[in-house]
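Printed here is entry-v2.txt (compact mmCIF, N, CA, C and O atoms):
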```txt
# COMPACT_ATOMS: atom_id res chain seq x y z
N MET X 1 11.96 -0.55 -21.60
CA MET X 1 10.84 0.33 -21.30
C MET X 1 11.35 1.55 -20.54
O MET X 1 12.16 1.43 -19.62
N ASP X 2 10.86 2.69 -20.90
CA ASP X 2 11.27 3.92 -20.23
C ASP X 2 10.34 4.18 -19.05
O ASP X 2 9.36 4.92 -19.16
N TYR X 3 10.65 3.53 -17.93
CA TYR X 3 9.77 3.65 -16.77
C TYR X 3 9.79 5.05 -16.18
O TYR X 3 8.80 5.48 -15.58
N ILE X 4 10.87 5.78 -16.33
CA ILE X 4 10.94 7.14 -15.77
C ILE X 4 9.92 8.03 -16.47
O ILE X 4 9.18 8.78 -15.82
N ALA X 5 9.85 7.94 -17.79
CA ALA X 5 8.86 8.73 -18.53
C ALA X 5 7.44 8.31 -18.15
O ALA X 5 6.55 9.16 -18.02
N GLU X 6 7.26 7.00 -17.95
CA GLU X 6 5.94 6.51 -17.55
C GLU X 6 5.54 7.08 -16.18
O GLU X 6 4.42 7.55 -15.99
N ILE X 7 6.48 7.08 -15.24
CA ILE X 7 6.21 7.60 -13.90
C ILE X 7 5.92 9.10 -13.97
O ILE X 7 4.96 9.59 -13.38
N LYS X 8 6.75 9.82 -14.69
CA LYS X 8 6.56 11.27 -14.79
C LYS X 8 5.27 11.65 -15.50
O LYS X 8 4.71 12.71 -15.28
N GLY X 9 4.76 10.74 -16.35
CA GLY X 9 3.52 10.99 -17.06
C GLY X 9 2.26 10.62 -16.29
O GLY X 9 1.15 10.86 -16.75
N MET X 10 2.44 10.04 -15.10
CA MET X 10 1.28 9.63 -14.30
C MET X 10 0.56 10.85 -13.74
O MET X 10 1.18 11.84 -13.37
N THR X 11 -0.75 10.72 -13.67
CA THR X 11 -1.53 11.74 -12.98
C THR X 11 -1.30 11.56 -11.48
O THR X 11 -0.77 10.53 -11.04
N ASP X 12 -1.71 12.53 -10.69
CA ASP X 12 -1.58 12.41 -9.24
C ASP X 12 -2.33 11.17 -8.74
O ASP X 12 -1.84 10.44 -7.88
N GLU X 13 -3.51 10.94 -9.29
CA GLU X 13 -4.31 9.79 -8.88
C GLU X 13 -3.62 8.48 -9.23
O GLU X 13 -3.61 7.53 -8.43
N GLU X 14 -3.04 8.39 -10.42
CA GLU X 14 -2.32 7.17 -10.82
C GLU X 14 -1.11 6.92 -9.94
O GLU X 14 -0.86 5.79 -9.52
N LEU X 15 -0.37 7.96 -9.64
CA LEU X 15 0.81 7.82 -8.78
C LEU X 15 0.40 7.44 -7.37
O LEU X 15 1.02 6.57 -6.74
N ARG X 16 -0.64 8.05 -6.85
CA ARG X 16 -1.14 7.72 -5.51
C ARG X 16 -1.56 6.24 -5.46
O ARG X 16 -1.23 5.53 -4.51
N ALA X 17 -2.26 5.78 -6.46
CA ALA X 17 -2.71 4.38 -6.50
C ALA X 17 -1.50 3.44 -6.56
O ALA X 17 -1.48 2.41 -5.87
N THR X 18 -0.51 3.78 -7.35
CA THR X 18 0.70 2.96 -7.46
C THR X 18 1.42 2.90 -6.12
O THR X 18 1.87 1.82 -5.69
N CYS X 19 1.51 4.03 -5.44
CA CYS X 19 2.17 4.06 -4.13
C CYS X 19 1.41 3.22 -3.11
O CYS X 19 2.03 2.50 -2.31
N MET X 20 0.09 3.28 -3.12
CA MET X 20 -0.70 2.50 -2.18
C MET X 20 -0.52 1.01 -2.43
O MET X 20 -0.42 0.22 -1.49
N LEU X 21 -0.46 0.61 -3.69
CA LEU X 21 -0.27 -0.80 -3.99
C LEU X 21 1.14 -1.26 -3.59
O LEU X 21 1.33 -2.39 -3.15
N ALA X 22 2.12 -0.36 -3.71
CA ALA X 22 3.47 -0.68 -3.25
C ALA X 22 3.50 -0.87 -1.74
O ALA X 22 4.15 -1.79 -1.23
N VAL X 23 2.79 -0.03 -1.01
CA VAL X 23 2.69 -0.19 0.44
C VAL X 23 2.02 -1.52 0.77
O VAL X 23 2.47 -2.25 1.66
N ALA X 24 0.97 -1.86 0.04
CA ALA X 24 0.29 -3.14 0.27
C ALA X 24 1.25 -4.31 0.04
O ALA X 24 1.20 -5.31 0.76
N HIS X 25 2.12 -4.18 -0.93
CA HIS X 25 3.13 -5.22 -1.18
C HIS X 25 4.08 -5.33 0.02
O HIS X 25 4.43 -6.44 0.44
N CYS X 26 4.48 -4.21 0.58
CA CYS X 26 5.35 -4.21 1.77
C CYS X 26 4.64 -4.86 2.96
O CYS X 26 5.27 -5.55 3.76
N VAL X 27 3.34 -4.64 3.07
CA VAL X 27 2.56 -5.28 4.13
C VAL X 27 2.63 -6.80 3.98
O VAL X 27 2.78 -7.53 4.96
N THR X 28 2.56 -7.28 2.75
CA THR X 28 2.66 -8.72 2.51
C THR X 28 4.00 -9.25 3.02
O THR X 28 4.05 -10.30 3.65
N ASP X 29 5.08 -8.50 2.79
CA ASP X 29 6.39 -8.92 3.30
C ASP X 29 6.37 -9.00 4.83
O ASP X 29 6.91 -9.94 5.41
N GLU X 30 5.75 -8.01 5.48
CA GLU X 30 5.66 -8.04 6.93
C GLU X 30 4.86 -9.23 7.43
O GLU X 30 5.17 -9.80 8.48
N MET X 31 3.84 -9.60 6.69
CA MET X 31 3.00 -10.73 7.08
C MET X 31 3.77 -12.05 6.98
O MET X 31 3.48 -12.99 7.71
N LEU X 32 4.76 -12.09 6.10
CA LEU X 32 5.54 -13.31 5.90
C LEU X 32 6.74 -13.40 6.84
O LEU X 32 7.26 -14.49 7.08
N ASP X 33 7.21 -12.26 7.32
CA ASP X 33 8.39 -12.22 8.18
C ASP X 33 8.01 -11.58 9.51
O ASP X 33 7.97 -10.37 9.66
N PHE X 34 7.74 -12.43 10.49
CA PHE X 34 7.24 -11.95 11.78
C PHE X 34 8.28 -11.16 12.56
O PHE X 34 7.94 -10.53 13.56
N SER X 35 9.55 -11.17 12.12
CA SER X 35 10.57 -10.38 12.81
C SER X 35 10.51 -8.91 12.41
O SER X 35 11.11 -8.06 13.08
N MET X 36 9.77 -8.61 11.35
CA MET X 36 9.64 -7.22 10.91
C MET X 36 8.59 -6.49 11.75
O MET X 36 7.53 -7.06 12.02
N PRO X 37 8.87 -5.25 12.13
CA PRO X 37 7.83 -4.49 12.84
C PRO X 37 6.70 -4.15 11.87
O PRO X 37 6.92 -4.08 10.66
N PRO X 38 5.51 -3.88 12.38
CA PRO X 38 4.35 -3.62 11.50
C PRO X 38 4.31 -2.19 10.97
O PRO X 38 3.26 -1.55 10.91
N TYR X 39 5.43 -1.67 10.52
CA TYR X 39 5.53 -0.30 10.03
C TYR X 39 4.59 -0.05 8.85
O TYR X 39 3.80 0.89 8.86
N TRP X 40 4.67 -0.89 7.82
CA TRP X 40 3.87 -0.68 6.61
C TRP X 40 2.40 -0.96 6.85
O TRP X 40 1.54 -0.35 6.22
N ILE X 41 2.11 -1.86 7.78
CA ILE X 41 0.71 -2.10 8.13
C ILE X 41 0.11 -0.84 8.72
O ILE X 41 -1.02 -0.45 8.38
N GLU X 42 0.87 -0.16 9.57
CA GLU X 42 0.39 1.09 10.17
C GLU X 42 0.22 2.19 9.12
O GLU X 42 -0.73 2.96 9.16
N ILE X 43 1.14 2.23 8.15
CA ILE X 43 1.02 3.19 7.04
C ILE X 43 -0.27 2.92 6.27
O ILE X 43 -1.03 3.83 5.94
N LEU X 44 -0.52 1.64 5.97
CA LEU X 44 -1.72 1.28 5.21
C LEU X 44 -2.98 1.63 5.99
O LEU X 44 -3.96 2.12 5.42
N LYS X 45 -2.96 1.41 7.30
CA LYS X 45 -4.11 1.80 8.13
C LYS X 45 -4.36 3.30 8.04
O LYS X 45 -5.51 3.75 7.97
N GLU X 46 -3.29 4.08 8.05
CA GLU X 46 -3.42 5.54 7.99
C GLU X 46 -3.96 5.98 6.63
O GLU X 46 -4.82 6.86 6.54
N ILE X 47 -3.47 5.36 5.56
CA ILE X 47 -3.97 5.66 4.21
C ILE X 47 -5.47 5.40 4.15
O ILE X 47 -6.25 6.23 3.67
N TYR X 48 -5.88 4.25 4.68
CA TYR X 48 -7.29 3.88 4.68
C TYR X 48 -8.10 4.84 5.55
O TYR X 48 -9.16 5.33 5.14
N GLY X 49 -7.59 5.13 6.73
CA GLY X 49 -8.29 6.00 7.66
C GLY X 49 -8.47 7.42 7.15
O GLY X 49 -9.47 8.08 7.46
N ARG X 50 -7.52 7.90 6.37
CA ARG X 50 -7.62 9.25 5.82
C ARG X 50 -8.47 9.32 4.57
O ARG X 50 -8.68 10.39 4.01
N GLY X 51 -8.94 8.16 4.10
CA GLY X 51 -9.78 8.15 2.91
C GLY X 51 -9.00 8.32 1.62
O GLY X 51 -9.57 8.71 0.60
N TRP X 52 -7.72 8.01 1.64
CA TRP X 52 -6.89 8.16 0.45
C TRP X 52 -6.92 6.94 -0.46
O TRP X 52 -6.28 6.93 -1.50
N ALA X 53 -7.64 5.91 -0.08
CA ALA X 53 -7.60 4.66 -0.82
C ALA X 53 -8.25 4.77 -2.20
O ALA X 53 -7.92 4.02 -3.10
N GLY X 54 -9.18 5.68 -2.36
CA GLY X 54 -9.82 5.88 -3.66
C GLY X 54 -10.38 4.59 -4.22
O GLY X 54 -11.10 3.86 -3.55
N ASP X 55 -10.02 4.29 -5.47
CA ASP X 55 -10.50 3.09 -6.15
C ASP X 55 -9.95 1.81 -5.52
O ASP X 55 -10.44 0.72 -5.80
N ASN X 56 -8.92 1.94 -4.68
CA ASN X 56 -8.29 0.77 -4.05
C ASN X 56 -8.85 0.49 -2.66
O ASN X 56 -8.29 -0.31 -1.92
N GLN X 57 -9.93 1.16 -2.29
CA GLN X 57 -10.52 1.02 -0.95
C GLN X 57 -10.77 -0.44 -0.60
O GLN X 57 -10.42 -0.90 0.49
N GLU X 58 -11.37 -1.19 -1.50
CA GLU X 58 -11.71 -2.59 -1.23
C GLU X 58 -10.45 -3.44 -1.09
O GLU X 58 -10.35 -4.28 -0.19
N ILE X 59 -9.47 -3.22 -1.97
CA ILE X 59 -8.22 -3.98 -1.91
C ILE X 59 -7.51 -3.73 -0.59
O ILE X 59 -7.04 -4.66 0.07
N ILE X 60 -7.45 -2.46 -0.18
CA ILE X 60 -6.76 -2.11 1.06
C ILE X 60 -7.51 -2.66 2.27
O ILE X 60 -6.89 -3.19 3.20
N ALA X 61 -8.83 -2.58 2.26
CA ALA X 61 -9.60 -3.14 3.35
C ALA X 61 -9.35 -4.65 3.48
O ALA X 61 -9.17 -5.16 4.60
N GLU X 62 -9.31 -5.36 2.37
CA GLU X 62 -9.04 -6.80 2.40
C GLU X 62 -7.65 -7.08 2.94
O GLU X 62 -7.44 -8.02 3.73
N LYS X 63 -6.68 -6.28 2.53
CA LYS X 63 -5.28 -6.48 2.99
C LYS X 63 -5.19 -6.22 4.49
O LYS X 63 -4.49 -6.95 5.20
N LEU X 64 -5.91 -5.23 4.99
CA LEU X 64 -5.88 -4.95 6.43
C LEU X 64 -6.51 -6.08 7.23
O LEU X 64 -6.01 -6.46 8.28
N VAL X 65 -7.60 -6.66 6.72
CA VAL X 65 -8.23 -7.80 7.39
C VAL X 65 -7.27 -8.99 7.38
O VAL X 65 -7.08 -9.66 8.39
N GLU X 66 -6.64 -9.22 6.24
CA GLU X 66 -5.68 -10.31 6.12
C GLU X 66 -4.51 -10.12 7.08
O GLU X 66 -4.09 -11.05 7.75
N ALA X 67 -4.01 -8.90 7.18
CA ALA X 67 -2.88 -8.60 8.08
C ALA X 67 -3.28 -8.81 9.53
O ALA X 67 -2.50 -9.34 10.32
N ALA X 68 -4.49 -8.42 9.87
CA ALA X 68 -4.95 -8.56 11.25
C ALA X 68 -5.03 -10.04 11.67
O ALA X 68 -4.80 -10.37 12.83
N THR X 69 -5.36 -10.90 10.73
CA THR X 69 -5.49 -12.32 11.07
C THR X 69 -4.18 -13.06 10.94
O THR X 69 -4.05 -14.17 11.44
N THR X 70 -3.18 -12.44 10.30
CA THR X 70 -1.90 -13.10 10.07
C THR X 70 -0.84 -12.65 11.06
O THR X 70 -0.04 -13.44 11.53
N CYS X 71 -0.83 -11.36 11.35
CA CYS X 71 0.25 -10.79 12.17
C CYS X 71 -0.11 -10.81 13.64
O CYS X 71 -1.22 -10.73 14.04
```

Structure translated into structure tokens:
Amino acid sequence: MDYIAEIKGMTDEELRATCMLAVAHCVTDEMLDFSMPPYWIEILKEIYGRGWAGDNQEIIAEKLVEAATTC
């Protein structure tokens, strides 16, 4: 699969959504490894706070609640 062409063909909204989901994945890693600082959790909070979550608002809100109860 030519992932580079796929990435370059993404709209700004598609790329933003993909990046947010990647950050959410990093948050999951932080939740599993307590030795990691909450860097990505703070990034996700900022994304949510700035209203950049778009269609992923609910997913990000759930991840933040989960992180708050886990970390």

Q) chain X: which residues are alpha helix (DSSP H) by DSSP, as a count of residues only? A) 52

**Q.** Residues near Thr28 (chain X), cut-off 8 Å, only N, CA, C and O atoms, skip fewer than 6 positions along chain, as number ranges by chain
**A.** X: 21-22, 40-41, 63, 67

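Nearest-residue note for Met31 (chain X): choosing from X:Glu46, X:Glu66, X:Glu58, X:Asp12, the minimum distance belongs to X:Glu66, counting all atoms listed in the file.
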
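One finds CA of Asn56 (chain X) at 16.6 Å from CA of Met10 (chain X).
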
Q.
Using only N, CA, C and O atoms, can you tell me which of X:Asp2, X:Lys8, X:Glu13, X:Ala24 comes closest to Ile59 (chain X)?
A.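 Under the stated criterion, the closest residue is X:Ala24.
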
Q) In Å, how far is it from atom N of Ser35 (chain X) to atom O of Val23 (chain X)? A)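 Atom-to-atom, atom N of Ser35 (chain X) to atom O of Val23 (chain X), that is 15.5 Å.
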
What are the centre and the three edge lengths of an axis-aligned box that wraps all atoms of region 53-68 of chain X in the file, given that 6 Å is added to every side, written as lines of an AutoDock Vina configuration file and rounded to one decimal in Å?
```
center_x = -7.1
center_y = -2.6
center_z = 3.3
size_x = 21.2
size_y = 29.0
size_z = 31.0
```

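Across the model, the gap from atom C of Ile60 (chain X) to atom O of Ile43 (chain X) is 9.9 Å.
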
Using all atoms listed in the file, what residues lie at most 7 Å away from (-1.3, 5.6, 0.7) (file coordinates), given as an mmCIF file with N, CA, C and O atoms, in the coordinates of the input?
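Generated output (part24.cif):
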```
data_model
loop_
_atom_site.group_PDB
_atom_site.id
_atom_site.type_symbol
_atom_site.label_atom_id
_atom_site.label_comp_id
_atom_site.auth_asym_id
_atom_site.auth_seq_id
_atom_site.Cartn_x
_atom_site.Cartn_y
_atom_site.Cartn_z
ATOM 1 N N ARG X 16 -0.640 8.050 -6.850
ATOM 2 C CA ARG X 16 -1.140 7.720 -5.510
ATOM 3 C C ARG X 16 -1.560 6.240 -5.460
ATOM 4 O O ARG X 16 -1.230 5.530 -4.510
ATOM 5 N N CYS X 19 1.510 4.030 -5.440
ATOM 6 C CA CYS X 19 2.170 4.060 -4.130
ATOM 7 C C CYS X 19 1.410 3.220 -3.110
ATOM 8 O O CYS X 19 2.030 2.500 -2.310
ATOM 9 N N MET X 20 0.090 3.280 -3.120
ATOM 10 C CA MET X 20 -0.700 2.500 -2.180
ATOM 11 C C MET X 20 -0.520 1.010 -2.430
ATOM 12 O O MET X 20 -0.420 0.220 -1.490
ATOM 13 N N LEU X 21 -0.460 0.610 -3.690
ATOM 14 C CA LEU X 21 -0.270 -0.800 -3.990
ATOM 15 C C LEU X 21 1.140 -1.260 -3.590
ATOM 16 O O LEU X 21 1.330 -2.390 -3.150
ATOM 17 N N ILE X 43 1.140 2.230 8.150
ATOM 18 C CA ILE X 43 1.020 3.190 7.040
ATOM 19 C C ILE X 43 -0.270 2.920 6.270
ATOM 20 O O ILE X 43 -1.030 3.830 5.940
ATOM 21 N N LEU X 44 -0.520 1.640 5.970
ATOM 22 C CA LEU X 44 -1.720 1.280 5.210
ATOM 23 C C LEU X 44 -2.980 1.630 5.990
ATOM 24 O O LEU X 44 -3.960 2.120 5.420
ATOM 25 N N GLU X 46 -3.290 4.080 8.050
ATOM 26 C CA GLU X 46 -3.420 5.540 7.990
ATOM 27 C C GLU X 46 -3.960 5.980 6.630
ATOM 28 O O GLU X 46 -4.820 6.860 6.540
ATOM 29 N N ILE X 47 -3.470 5.360 5.560
ATOM 30 C CA ILE X 47 -3.970 5.660 4.210
ATOM 31 C C ILE X 47 -5.470 5.400 4.150
ATOM 32 O O ILE X 47 -6.250 6.230 3.670
ATOM 33 N N TYR X 48 -5.880 4.250 4.680
ATOM 34 C CA TYR X 48 -7.290 3.880 4.680
ATOM 35 C C TYR X 48 -8.100 4.840 5.550
ATOM 36 O O TYR X 48 -9.160 5.330 5.140
ATOM 37 N N TRP X 52 -7.720 8.010 1.640
ATOM 38 C CA TRP X 52 -6.890 8.160 0.450
ATOM 39 C C TRP X 52 -6.920 6.940 -0.460
ATOM 40 O O TRP X 52 -6.280 6.930 -1.500
ATOM 41 N N ALA X 53 -7.640 5.910 -0.080
ATOM 42 C CA ALA X 53 -7.600 4.660 -0.820
ATOM 43 C C ALA X 53 -8.250 4.770 -2.200
ATOM 44 O O ALA X 53 -7.920 4.020 -3.100
#
```
